[in-house]
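Novice: run.cif is the file, holding mmCIF, C-alpha atoms:
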data_final
loop_
_atom_site.group_PDB
_atom_site.id
_atom_site.type_symbol
_atom_site.label_atom_id
_atom_site.label_comp_id
_atom_site.auth_asym_id
_atom_site.auth_seq_id
_atom_site.Cartn_x
_atom_site.Cartn_y
_atom_site.Cartn_z
ATOM 1 C CA MET D 62 199.093 58.483 -142.008
ATOM 2 C CA ALA D 63 200.047 55.902 -144.673
ATOM 3 C CA ILE D 64 203.722 55.781 -143.602
ATOM 4 C CA ILE D 65 204.303 53.687 -140.486
ATOM 5 C CA VAL D 66 207.469 54.059 -138.424
ATOM 6 C CA ASN D 67 208.684 50.721 -137.073
ATOM 7 C CA LEU D 68 211.431 52.214 -134.948
ATOM 8 C CA ASP D 69 210.410 50.299 -131.822
ATOM 9 C CA VAL D 70 210.707 46.969 -133.710
ATOM 10 C CA MET D 71 214.247 47.787 -134.843
ATOM 11 C CA MET D 72 215.202 49.094 -131.399
ATOM 12 C CA ALA D 73 214.000 45.847 -129.823
ATOM 13 C CA LYS D 74 216.017 43.793 -132.367
ATOM 14 C CA ARG D 75 219.166 45.757 -131.592
ATOM 15 C CA LYS D 76 218.333 45.834 -127.872
ATOM 16 C CA MET D 77 218.656 49.606 -127.770
ATOM 17 C CA SER D 78 216.749 51.918 -125.468
ATOM 18 C CA LEU D 79 215.233 55.256 -126.436
ATOM 19 C CA ASN D 80 217.892 57.106 -124.407
ATOM 20 C CA GLU D 81 220.743 55.305 -126.129
ATOM 21 C CA LEU D 82 219.305 55.920 -129.582
ATOM 22 C CA SER D 83 218.699 59.634 -128.890
ATOM 23 C CA GLU D 84 222.343 60.007 -127.770
ATOM 24 C CA LYS D 85 223.685 58.148 -130.810
ATOM 25 C CA VAL D 86 221.657 60.124 -133.377
ATOM 26 C CA ASN D 87 222.044 63.431 -131.507
ATOM 27 C CA LEU D 88 218.330 64.077 -131.149
ATOM 28 C CA THR D 89 216.356 65.020 -128.058
ATOM 29 C CA LEU D 90 214.419 62.281 -126.298
ATOM 30 C CA SER D 91 211.125 64.012 -127.107
ATOM 31 C CA ASN D 92 211.934 64.113 -130.852
ATOM 32 C CA VAL D 93 212.853 60.410 -130.922
ATOM 33 C CA SER D 94 209.663 59.698 -128.983
ATOM 34 C CA ILE D 95 207.624 61.700 -131.523
ATOM 35 C CA LEU D 96 209.160 59.592 -134.282
ATOM 36 C CA LYS D 97 208.591 56.320 -132.438
ATOM 37 C CA THR D 98 204.930 57.064 -131.692
ATOM 38 C CA GLY D 99 204.201 57.990 -135.307
ATOM 39 C CA LYS D 100 203.365 61.639 -134.577
ATOM 40 C CA ALA D 101 206.096 63.032 -136.837
ATOM 41 C CA LYS D 102 204.956 64.770 -140.029
ATOM 42 C CA ALA D 103 208.309 64.458 -141.817
ATOM 43 C CA ILE D 104 211.838 63.167 -141.362
ATOM 44 C CA ARG D 105 215.035 64.704 -142.692
ATOM 45 C CA PHE D 106 217.395 62.529 -144.710
ATOM 46 C CA SER D 107 220.177 63.420 -142.274
ATOM 47 C CA THR D 108 218.077 62.082 -139.374
ATOM 48 C CA LEU D 109 217.162 58.919 -141.320
ATOM 49 C CA GLU D 110 220.853 58.400 -142.129
ATOM 50 C CA ALA D 111 221.826 58.795 -138.459
ATOM 51 C CA ILE D 112 219.123 56.341 -137.308
ATOM 52 C CA CYS D 113 220.058 53.734 -139.949
ATOM 53 C CA ASN D 114 223.694 54.111 -138.928
ATOM 54 C CA ALA D 115 222.892 53.738 -135.231
ATOM 55 C CA LEU D 116 220.577 50.723 -135.734
ATOM 56 C CA ASP D 117 222.606 49.197 -138.580
ATOM 57 C CA CYS D 118 219.588 48.859 -140.838
ATOM 58 C CA GLN D 119 217.997 50.082 -144.057
ATOM 59 C CA PRO D 120 215.346 52.841 -144.308
ATOM 60 C CA GLY D 121 212.866 50.176 -145.360
ATOM 61 C CA ASP D 122 213.384 48.428 -142.010
ATOM 62 C CA ILE D 123 212.142 51.527 -140.201
ATOM 63 C CA LEU D 124 209.596 52.960 -142.653
ATOM 64 C CA GLU D 125 206.647 51.038 -144.064
ATOM 65 C CA TYR D 126 203.926 52.141 -146.463
ATOM 66 C CA VAL D 127 200.394 50.906 -145.781
ATOM 67 C CA GLU D 128 197.686 51.924 -148.219
ATOM 68 C CA GLU D 129 194.892 53.892 -146.512
ATOM 69 C CA ARG D 130 191.370 52.658 -147.191
ATOM 70 C CA MET Z 282 217.804 90.986 -128.393
ATOM 71 C CA LYS Z 283 217.034 93.839 -130.799
ATOM 72 C CA THR Z 284 213.606 92.347 -131.557
ATOM 73 C CA GLN Z 285 212.809 92.184 -127.853
ATOM 74 C CA GLN Z 286 213.865 95.825 -127.375
ATOM 75 C CA VAL Z 287 211.635 96.917 -130.261
ATOM 76 C CA LEU Z 288 208.754 94.885 -128.797
ATOM 77 C CA ASN Z 289 209.272 96.509 -125.379
ATOM 78 C CA ILE Z 290 209.232 100.002 -126.929
ATOM 79 C CA LEU Z 291 206.089 99.100 -128.889
ATOM 80 C CA LYS Z 292 204.452 97.818 -125.697
ATOM 81 C CA VAL Z 293 205.144 101.069 -123.832
ATOM 82 C CA ALA Z 294 204.004 103.195 -126.799
ATOM 83 C CA SER Z 295 200.794 101.132 -127.111
ATOM 84 C CA TRP Z 296 199.991 101.615 -123.397
ATOM 85 C CA VAL Z 297 200.522 105.396 -123.776
ATOM 86 C CA ILE Z 298 198.239 105.509 -126.842
ATOM 87 C CA PHE Z 299 195.651 103.366 -125.035
ATOM 88 C CA PHE Z 300 195.503 105.751 -122.054
ATOM 89 C CA GLY Z 301 195.388 108.716 -124.446
ATOM 90 C CA LEU Z 302 192.463 107.163 -126.295
ATOM 91 C CA CYS Z 303 190.605 106.608 -123.009
ATOM 92 C CA ILE Z 304 190.824 110.300 -122.125
ATOM 93 C CA LYS Z 305 188.849 111.574 -125.161
ATOM 94 C CA PRO Z 306 185.605 109.607 -124.665
ATOM 95 C CA GLY Z 307 185.713 110.304 -120.921
ATOM 96 C CA ALA Z 308 186.128 114.040 -121.476
ATOM 97 C CA MET Z 309 183.373 114.061 -124.129
ATOM 98 C CA LEU Z 310 180.944 112.228 -121.834
ATOM 99 C CA ILE Z 311 181.573 114.666 -118.980
ATOM 100 C CA SER Z 312 181.209 117.700 -121.290
ATOM 101 C CA THR Z 313 177.984 116.254 -122.726
ATOM 102 C CA PHE Z 314 176.570 115.697 -119.251
ATOM 103 C CA VAL Z 315 177.476 119.274 -118.297
ATOM 104 C CA SER Z 316 175.943 120.698 -121.499
ATOM 105 C CA LEU Z 317 172.717 118.696 -121.125
ATOM 106 C CA PHE Z 318 172.065 119.145 -117.395
ATOM 107 C CA ILE Z 319 174.174 122.021 -116.038
ATOM 108 C CA ASN Z 320 175.255 124.594 -118.569
ATOM 109 C CA PRO Z 321 174.339 124.570 -122.296
ATOM 110 C CA LEU Z 322 177.539 126.521 -123.047
ATOM 111 C CA GLY Z 323 179.370 123.217 -122.578
ATOM 112 C CA ALA Z 324 178.203 122.233 -126.092
ATOM 113 C CA ARG Z 325 180.504 124.919 -127.558
ATOM 114 C CA ASP Z 326 183.695 123.098 -126.505
ATOM 115 C CA LEU Z 327 183.126 119.399 -125.831
ATOM 116 C CA TYR Z 328 186.733 118.312 -126.361
ATOM 117 C CA LEU Z 329 189.598 120.284 -127.877
ATOM 118 C CA GLY Z 330 187.342 122.770 -129.666
ATOM 119 C CA LEU Z 331 184.607 120.349 -130.763
ATOM 120 C CA ASP Z 332 181.630 122.705 -131.149
ATOM 121 C CA LEU Z 333 178.163 121.140 -131.510
ATOM 122 C CA HIS Z 334 176.068 123.945 -129.986
ATOM 123 C CA GLU Z 335 174.136 124.386 -133.267
ATOM 124 C CA ILE Z 336 172.850 120.804 -133.080
ATOM 125 C CA TYR Z 337 172.163 121.268 -129.352
ATOM 126 C CA GLU Z 338 170.029 124.323 -130.105
ATOM 127 C CA PHE Z 339 168.347 122.565 -133.055
ATOM 128 C CA ASN Z 340 167.408 119.349 -131.258
ATOM 129 C CA LYS Z 341 168.761 117.836 -128.013
ATOM 130 C CA PHE Z 342 167.874 114.287 -129.126
ATOM 131 C CA HIS Z 343 169.984 114.576 -132.305
ATOM 132 C CA TYR Z 344 172.757 116.138 -130.216
ATOM 133 C CA ALA Z 345 172.727 113.226 -127.754
ATOM 134 C CA VAL Z 346 172.629 110.622 -130.557
ATOM 135 C CA LEU Z 347 175.529 112.219 -132.433
ATOM 136 C CA ILE Z 348 177.646 112.480 -129.276
ATOM 137 C CA GLY Z 349 176.723 108.877 -128.443
ATOM 138 C CA LEU Z 350 177.975 107.700 -131.840
ATOM 139 C CA MET Z 351 181.195 109.719 -131.547
ATOM 140 C CA VAL Z 352 181.872 108.422 -128.016
ATOM 141 C CA THR Z 353 181.210 104.846 -129.210
ATOM 142 C CA ILE Z 354 183.847 105.297 -131.937
ATOM 143 C CA GLU Z 355 186.410 106.621 -129.439
ATOM 144 C CA LEU Z 356 185.693 103.862 -126.908
ATOM 145 C CA THR Z 357 186.022 101.205 -129.616
ATOM 146 C CA LYS Z 358 189.351 102.726 -130.688
ATOM 147 C CA ALA Z 359 190.572 102.465 -127.080
ATOM 148 C CA TYR Z 360 189.331 98.842 -126.987
ATOM 149 C CA LEU Z 361 191.252 98.147 -130.219
ATOM 150 C CA PHE Z 362 194.448 99.485 -128.665
ATOM 151 C CA PHE Z 363 193.817 97.412 -125.560
ATOM 152 C CA TRP Z 364 193.973 94.367 -127.837
ATOM 153 C CA VAL Z 365 197.095 95.769 -129.547
ATOM 154 C CA VAL Z 366 198.777 95.909 -126.113
ATOM 155 C CA LYS Z 367 197.603 92.381 -125.315
ATOM 156 C CA THR Z 368 198.856 91.048 -128.674
ATOM 157 C CA ILE Z 369 202.292 92.628 -128.304
ATOM 158 C CA SER Z 370 202.560 91.308 -124.716
ATOM 159 C CA LYS Z 371 201.783 87.750 -125.826
ATOM 160 C CA LEU Z 372 203.995 87.833 -128.937
ATOM 161 C CA ASN Z 373 206.818 85.293 -128.769
ATOM 162 C CA ALA Z 374 209.566 86.353 -131.176
ATOM 163 C CA THR Z 375 211.008 82.784 -131.267
ATOM 164 C CA LEU Z 376 207.730 81.028 -132.128
ATOM 165 C CA PRO Z 377 205.382 83.797 -133.312
ATOM 166 C CA PHE Z 378 202.771 81.672 -135.057
ATOM 167 C CA SER Z 379 200.254 80.471 -132.498
ATOM 168 C CA LEU Z 380 196.491 80.054 -132.359
ATOM 169 C CA ASP Z 381 196.307 82.798 -129.684
ATOM 170 C CA MET Z 382 198.007 85.293 -132.009
ATOM 171 C CA TYR Z 383 195.692 84.342 -134.893
ATOM 172 C CA ASN Z 384 192.616 84.783 -132.676
ATOM 173 C CA MET Z 385 193.832 88.150 -131.349
ATOM 174 C CA ILE Z 386 194.607 89.533 -134.820
ATOM 175 C CA SER Z 387 191.209 88.299 -136.094
ATOM 176 C CA LYS Z 388 189.548 90.046 -133.141
ATOM 177 C CA MET Z 389 191.409 93.301 -133.924
ATOM 178 C CA SER Z 390 190.223 93.029 -137.533
ATOM 179 C CA LYS Z 391 186.608 92.694 -136.356
ATOM 180 C CA ILE Z 392 186.978 95.642 -133.937
ATOM 181 C CA SER Z 393 188.438 97.808 -136.753
ATOM 182 C CA LEU Z 394 185.475 96.856 -138.933
ATOM 183 C CA GLN Z 395 183.110 97.859 -136.095
ATOM 184 C CA ILE Z 396 184.848 101.264 -135.853
ATOM 185 C CA ALA Z 397 184.565 101.751 -139.620
ATOM 186 C CA ILE Z 398 180.845 100.832 -139.665
ATOM 187 C CA THR Z 399 180.092 103.140 -136.703
ATOM 188 C CA ALA Z 400 182.082 105.936 -138.384
ATOM 189 C CA ILE Z 401 180.098 105.494 -141.617
ATOM 190 C CA ILE Z 402 176.807 105.580 -139.662
ATOM 191 C CA THR Z 403 177.998 108.740 -137.847
ATOM 192 C CA SER Z 404 178.951 110.366 -141.140
ATOM 193 C CA ILE Z 405 175.576 109.519 -142.736
ATOM 194 C CA TYR Z 406 173.772 110.838 -139.648
ATOM 195 C CA SER Z 407 175.773 114.065 -139.661
ATOM 196 C CA GLN Z 408 175.060 114.460 -143.406
ATOM 197 C CA TYR Z 409 171.345 114.070 -142.600
ATOM 198 C CA LEU Z 410 171.640 116.775 -139.913
ATOM 199 C CA TYR Z 411 173.488 119.027 -142.390
ATOM 200 C CA TYR Z 412 170.629 118.752 -144.880
ATOM 201 C CA LYS Z 413 168.143 119.467 -142.101
ATOM 202 C CA MET Z 414 170.001 122.427 -140.619
ATOM 203 C CA LEU Z 415 171.991 123.605 -143.666
ATOM 204 C CA HIS Z 416 174.715 125.311 -141.629
ATOM 205 C CA PHE Z 417 176.315 122.433 -139.777
ATOM 206 C CA LYS Z 418 179.611 120.976 -141.059
ATOM 207 C CA PRO Z 419 179.245 117.184 -141.538
ATOM 208 C CA ILE Z 420 181.684 114.959 -139.662
ATOM 209 C CA ASP Z 421 184.324 113.247 -141.845
ATOM 210 C CA THR Z 422 184.173 109.470 -142.256
ATOM 211 C CA GLU Z 423 187.125 107.565 -140.823
ATOM 212 C CA THR Z 424 187.460 105.127 -143.719
ATOM 213 C CA GLU Z 425 191.052 104.267 -142.781
ATOM 214 C CA TYR Z 426 189.675 101.796 -140.198
ATOM 215 C CA LEU Z 427 188.017 99.902 -143.034
ATOM 216 C CA TYR Z 428 191.410 99.474 -144.705
ATOM 217 C CA LEU Z 429 192.941 98.551 -141.351
ATOM 218 C CA ALA Z 430 190.271 95.855 -140.911
ATOM 219 C CA GLY Z 431 191.142 94.444 -144.348
ATOM 220 C CA ILE Z 432 194.879 94.518 -143.700
ATOM 221 C CA LEU Z 433 194.483 92.855 -140.286
ATOM 222 C CA TYR Z 434 192.279 90.159 -141.868
ATOM 223 C CA VAL Z 435 195.010 89.403 -144.422
ATOM 224 C CA ILE Z 436 197.651 89.321 -141.649
ATOM 225 C CA ALA Z 437 195.441 86.896 -139.691
ATOM 226 C CA LEU Z 438 195.244 84.614 -142.760
ATOM 227 C CA ILE Z 439 199.038 84.753 -143.094
ATOM 228 C CA PHE Z 440 199.359 83.822 -139.401
ATOM 229 C CA LYS Z 441 196.974 80.907 -139.948
ATOM 230 C CA LYS Z 442 199.212 79.589 -142.725
ATOM 231 C CA GLY Z 443 202.244 80.288 -140.557
ATOM 232 C CA ILE Z 444 200.763 78.121 -137.778
ATOM 233 C CA GLU Z 445 200.422 75.220 -140.237
ATOM 234 C CA LEU Z 446 203.992 75.636 -141.469
ATOM 235 C CA GLN Z 447 205.395 76.072 -137.950
ATOM 236 C CA SER Z 448 203.652 72.979 -136.563
ATOM 237 C CA GLU Z 449 204.798 70.975 -139.585
ATOM 238 C CA ASN Z 450 208.345 72.200 -138.967
ATOM 239 C CA GLU Z 451 208.109 71.322 -135.273
ATOM 240 C CA LEU Z 452 207.010 67.794 -136.186
ATOM 241 C CA THR Z 453 209.831 67.375 -138.712
ATOM 242 C CA ILE Z 454 212.528 65.280 -137.045
#
Now, as a test, write the supplied structure out as structure tokens.

Specialist:
Amino acid sequence: MAIIVNLDVMMAKRKMSLNELSEKVNLTLSNVSILKTGKAKAIRFSTLEAICNALDCQPGDILEYVEER
Amino acid sequence: MKTQQVLNILKVASWVIFFGLCIKPGAMLISTFVSLFINPLGARDLYLGLDLHEIYEFNKFHYAVLIGLMVTIELTKAYLFFWVVKTISKLNATLPFSLDMYNMISKMSKISLQIAITAIITSIYSQYLYYKMLHFKPIDTETEYLYLAGILYVIALIFKKGIELQSENELTI
């Protein structure tokens, strides 16, 4: 997929574990894991808002577009 | 809760229909055996008034072939209902769209098509016997199974699309 999720980078910067993040954004651990591993097909704005709020970052810090060749 | 109750009722009804459909071919096979090897009068009432004694007297080979085709249709109908029972048993009302469901509905569509083709062959054969004998009533074609095959095929396609949408929804965080 052309959209890359850099959630692990931001989590490392904020020194936050997967468990902590899942509790803060009110998502299950498996869903956060799906997002982190890049298996997600789509993300809701409400989820993106909650993650940005929890990690104190911008959507661009978590999502990156890489052109597919 | 209501959905589950309806599914349970459907499951029980499907099992009853399945057993009912198994009785007819069994009874016809026994009657045919009796008429061919024990008592020719058996051809006058093979199952619930089915009278093929005219064909029996005309030609035993044609008689056996026609009965064979009719029994094949009934057995395939029972097989179709076996798959109906299996499909209803596996149906998950919370997440209905699965590859298993798609495969089972596709299989039922193919079985319905088989029934329709066998019924058409039986009808053509009985028409041929009518023209040969001139006083035998041809057997009606069961074309409704052809429509059922088409409808089940469309439902299978809808389930296929449903699987795509469901998996996309599951992977939407």

Novice: Report, in Å with one decimal, the straight-line distance from atom CA of Z:Phe342 to atom CA of Z:Asp421.

Specialist: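 Separation between atom CA of Z:Phe342 and atom CA of Z:Asp421: 20.8 Å.
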
Novice: Any idea what's packed within 8 Å of stretch 74-83 of chain D, counting only C-alpha atoms, ignoring anything in its chain fewer than 4 positions away? Could you give it as a VMD selection string?

Specialist: chain D and resid 70 87 to 90 93 to 94 112 115 to 116

Novice: May I have a table of the residues of chain D lying at most 8 Å from chain Z, giving each one's closest pair of atoms and their distance in Å to one decimal, counting all atoms listed in the file, ordered by chain and ascending residue number, as a Markdown table?

Specialist:
| residue | atom | partner | partner_atom | distance |
| --- | --- | --- | --- | --- |
| D:Asn92 | CA | Z:Ile454 | CA | 6.3 |
| D:Val93 | CA | Z:Ile454 | CA | 7.8 |
| D:Ile95 | CA | Z:Leu452 | CA | 7.7 |
| D:Leu96 | CA | Z:Ile454 | CA | 7.2 |
| D:Lys100 | CA | Z:Leu452 | CA | 7.3 |
| D:Ala101 | CA | Z:Leu452 | CA | 4.9 |
| D:Lys102 | CA | Z:Leu452 | CA | 5.3 |
| D:Ala103 | CA | Z:Thr453 | CA | 4.5 |
| D:Ile104 | CA | Z:Ile454 | CA | 4.9 |
| D:Arg105 | CA | Z:Ile454 | CA | 6.2 |
| D:Thr108 | CA | Z:Ile454 | CA | 6.8 |

Novice: Could you state the separation of atom CA of Z:Val293 and atom CA of Z:Lys391 in Å, given to one decimal place?

Specialist: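 Distance between the two atoms: 23.9 Å.
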
Novice: If I take atom CA of Z:Tyr328 and atom CA of Z:Thr357, how far is one from the other in Å, to one decimal?

Specialist: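 That distance, rounded to one decimal, is 17.4 Å.
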
Novice: Return the single residue from Z:Ile354, Z:Val346, Z:Leu291, Z:Ile336 that is closest to Z:Ala400, with distances computed using only C-alpha atoms.

Specialist: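 Closest to Z:Ala400, using only C-alpha atoms: Z:Ile354.
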
Novice: Can you give me, as a PyMOL selection string, the residues this file yields under the PyMOL selection byres ((chain Z and resi 386) around 10)?

Specialist: chain Z and resi 364-365+368+380-385+387-392+430+433-438+440

Novice: Of the residues Z:Leu427, Z:Leu410, Z:Leu376, Z:Val287, which is the one nearest to Z:Ile398, using only C-alpha atoms?

Specialist: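 Ranked by minimum distance to Z:Ile398, first place goes to Z:Leu427.
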
Novice: Using all atoms of stretch 77-84 of chain D that appear in the file, construct an axis-aligned enclosing box with 5 Å of padding on every side and provide its centre coordinates and edge lengths in Å, rounded to one decimal, as lines of an AutoDock Vina configuration file.

Specialist:
center_x = 218.8
center_y = 54.8
center_z = -127.0
size_x = 17.1
size_y = 20.4
size_z = 15.2

Novice: Determine the residue set returned by the PyMOL selection byres ((chain Z and resi 348) around 10) for the present structure, and present it as a list in words.

Specialist: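 With the shown file as input, the PyMOL selection byres ((chain Z and resi 348) around 10) matches Pro306, Met309, Leu310, Thr313, Leu327, Leu333, Phe342, His343, Tyr344, Ala345, Val346, Leu347, Gly349, Leu350, Met351, Val352, Thr353, Ile354 and Thr403 of chain Z.
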
Novice: So that I can see what lies close to D:Gln119, please list as a VMD selection string the residues with an atom at most 12 Å from it, counting all atoms listed in the file and leaving out residues fewer than 4 positions away in the same chain.

Specialist: chain D and resid 67 to 68 71 109 to 115 123 to 125

Novice: Applying 7 Å and all atoms listed in the file, which residues near stretch 63-65 of chain D remain after dropping the ones on its own chain fewer than 3 positions away? List them as a list in words.

Specialist: Gly99, Leu124, Glu125, Tyr126, Val127, Glu128 and Glu129 of chain D

Novice: Kindly export the residues of the current selection with C-alpha atoms, as a short mmCIF file (atom, residue, chain, number, x, y, z; two decimals), keeping the file's coordinate frame.

Specialist:
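Resulting contents of selection_15.cif:
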data_model
loop_
_atom_site.label_atom_id
_atom_site.label_comp_id
_atom_site.auth_asym_id
_atom_site.auth_seq_id
_atom_site.Cartn_x
_atom_site.Cartn_y
_atom_site.Cartn_z
CA GLY D 99 204.20 57.99 -135.31
CA LEU D 124 209.60 52.96 -142.65
CA GLU D 125 206.65 51.04 -144.06
CA TYR D 126 203.93 52.14 -146.46
CA VAL D 127 200.39 50.91 -145.78
CA GLU D 128 197.69 51.92 -148.22
CA GLU D 129 194.89 53.89 -146.51
#

Novice: From the coordinates supplied, stretch 107-116 of chain D should be written with all heavy atoms, as a PDB file, in the first residue's frame.

Specialist:
ATOM      1  N   SER D 107     -12.057   9.847  13.498  1.00  0.00           N
ATOM      2  CA  SER D 107     -12.180   9.842  14.958  1.00  0.00           C
ATOM      3  C   SER D 107     -11.008   9.087  15.592  1.00  0.00           C
ATOM      4  O   SER D 107     -10.462   9.515  16.610  1.00  0.00           O
ATOM      5  CB  SER D 107     -13.511   9.218  15.384  1.00  0.00           C
ATOM      6  OG  SER D 107     -13.648   7.932  14.827  1.00  0.00           O
ATOM      7  N   THR D 108     -10.593   8.001  14.956  1.00  0.00           N
ATOM      8  CA  THR D 108      -9.453   7.211  15.457  1.00  0.00           C
ATOM      9  C   THR D 108      -8.157   8.022  15.296  1.00  0.00           C
ATOM     10  O   THR D 108      -7.320   8.069  16.208  1.00  0.00           O
ATOM     11  CB  THR D 108      -9.332   5.888  14.693  1.00  0.00           C
ATOM     12  OG1 THR D 108     -10.580   5.209  14.740  1.00  0.00           O
ATOM     13  CG2 THR D 108      -8.250   5.002  15.264  1.00  0.00           C
ATOM     14  N   LEU D 109      -8.003   8.644  14.116  1.00  0.00           N
ATOM     15  CA  LEU D 109      -6.809   9.451  13.836  1.00  0.00           C
ATOM     16  C   LEU D 109      -6.700  10.594  14.845  1.00  0.00           C
ATOM     17  O   LEU D 109      -5.625  10.882  15.372  1.00  0.00           O
ATOM     18  CB  LEU D 109      -6.870   9.987  12.407  1.00  0.00           C
ATOM     19  CG  LEU D 109      -5.631  10.686  11.849  1.00  0.00           C
ATOM     20  CD1 LEU D 109      -4.423   9.765  11.886  1.00  0.00           C
ATOM     21  CD2 LEU D 109      -5.885  11.143  10.419  1.00  0.00           C
ATOM     22  N   GLU D 110      -7.854  11.208  15.123  1.00  0.00           N
ATOM     23  CA  GLU D 110      -7.908  12.315  16.103  1.00  0.00           C
ATOM     24  C   GLU D 110      -7.461  11.821  17.478  1.00  0.00           C
ATOM     25  O   GLU D 110      -6.640  12.477  18.153  1.00  0.00           O
ATOM     26  CB  GLU D 110      -9.340  12.854  16.173  1.00  0.00           C
ATOM     27  CG  GLU D 110      -9.492  14.052  17.108  1.00  0.00           C
ATOM     28  CD  GLU D 110     -10.953  14.410  17.339  1.00  0.00           C
ATOM     29  OE1 GLU D 110     -11.816  14.087  16.485  1.00  0.00           O
ATOM     30  OE2 GLU D 110     -11.236  15.021  18.383  1.00  0.00           O
ATOM     31  N   ALA D 111      -7.980  10.666  17.885  1.00  0.00           N
ATOM     32  CA  ALA D 111      -7.647  10.107  19.206  1.00  0.00           C
ATOM     33  C   ALA D 111      -6.162   9.768  19.297  1.00  0.00           C
ATOM     34  O   ALA D 111      -5.514  10.031  20.331  1.00  0.00           O
ATOM     35  CB  ALA D 111      -8.498   8.861  19.462  1.00  0.00           C
ATOM     36  N   ILE D 112      -5.601   9.221  18.220  1.00  0.00           N
ATOM     37  CA  ILE D 112      -4.164   8.857  18.223  1.00  0.00           C
ATOM     38  C   ILE D 112      -3.295  10.113  18.266  1.00  0.00           C
ATOM     39  O   ILE D 112      -2.328  10.194  19.048  1.00  0.00           O
ATOM     40  CB  ILE D 112      -3.816   7.992  16.985  1.00  0.00           C
ATOM     41  CG1 ILE D 112      -4.462   6.610  17.105  1.00  0.00           C
ATOM     42  CG2 ILE D 112      -2.308   7.851  16.828  1.00  0.00           C
ATOM     43  CD1 ILE D 112      -4.363   5.756  15.862  1.00  0.00           C
ATOM     44  N   CYS D 113      -3.645  11.120  17.470  1.00  0.00           N
ATOM     45  CA  CYS D 113      -2.877  12.379  17.459  1.00  0.00           C
ATOM     46  C   CYS D 113      -2.936  13.057  18.827  1.00  0.00           C
ATOM     47  O   CYS D 113      -1.956  13.644  19.294  1.00  0.00           O
ATOM     48  CB  CYS D 113      -3.411  13.318  16.377  1.00  0.00           C
ATOM     49  SG  CYS D 113      -3.018  12.767  14.712  1.00  0.00           S
ATOM     50  N   ASN D 114      -4.085  12.954  19.463  1.00  0.00           N
ATOM     51  CA  ASN D 114      -4.272  13.533  20.794  1.00  0.00           C
ATOM     52  C   ASN D 114      -3.412  12.791  21.826  1.00  0.00           C
ATOM     53  O   ASN D 114      -2.748  13.418  22.658  1.00  0.00           O
ATOM     54  CB  ASN D 114      -5.755  13.442  21.163  1.00  0.00           C
ATOM     55  CG  ASN D 114      -6.070  14.216  22.419  1.00  0.00           C
ATOM     56  OD1 ASN D 114      -5.455  15.256  22.703  1.00  0.00           O
ATOM     57  ND2 ASN D 114      -6.992  13.702  23.205  1.00  0.00           N
ATOM     58  N   ALA D 115      -3.422  11.481  21.722  1.00  0.00           N
ATOM     59  CA  ALA D 115      -2.670  10.647  22.678  1.00  0.00           C
ATOM     60  C   ALA D 115      -1.159  10.804  22.500  1.00  0.00           C
ATOM     61  O   ALA D 115      -0.404  10.841  23.471  1.00  0.00           O
ATOM     62  CB  ALA D 115      -3.060   9.180  22.522  1.00  0.00           C
ATOM     63  N   LEU D 116      -0.705  10.939  21.232  1.00  0.00           N
ATOM     64  CA  LEU D 116       0.735  11.023  20.954  1.00  0.00           C
ATOM     65  C   LEU D 116       1.222  12.465  20.775  1.00  0.00           C
ATOM     66  O   LEU D 116       2.411  12.691  20.530  1.00  0.00           O
ATOM     67  CB  LEU D 116       1.079  10.200  19.703  1.00  0.00           C
ATOM     68  CG  LEU D 116       0.862   8.685  19.815  1.00  0.00           C
ATOM     69  CD1 LEU D 116       1.043   8.006  18.464  1.00  0.00           C
ATOM     70  CD2 LEU D 116       1.833   8.080  20.825  1.00  0.00           C
TER      71      LEU D 116
END
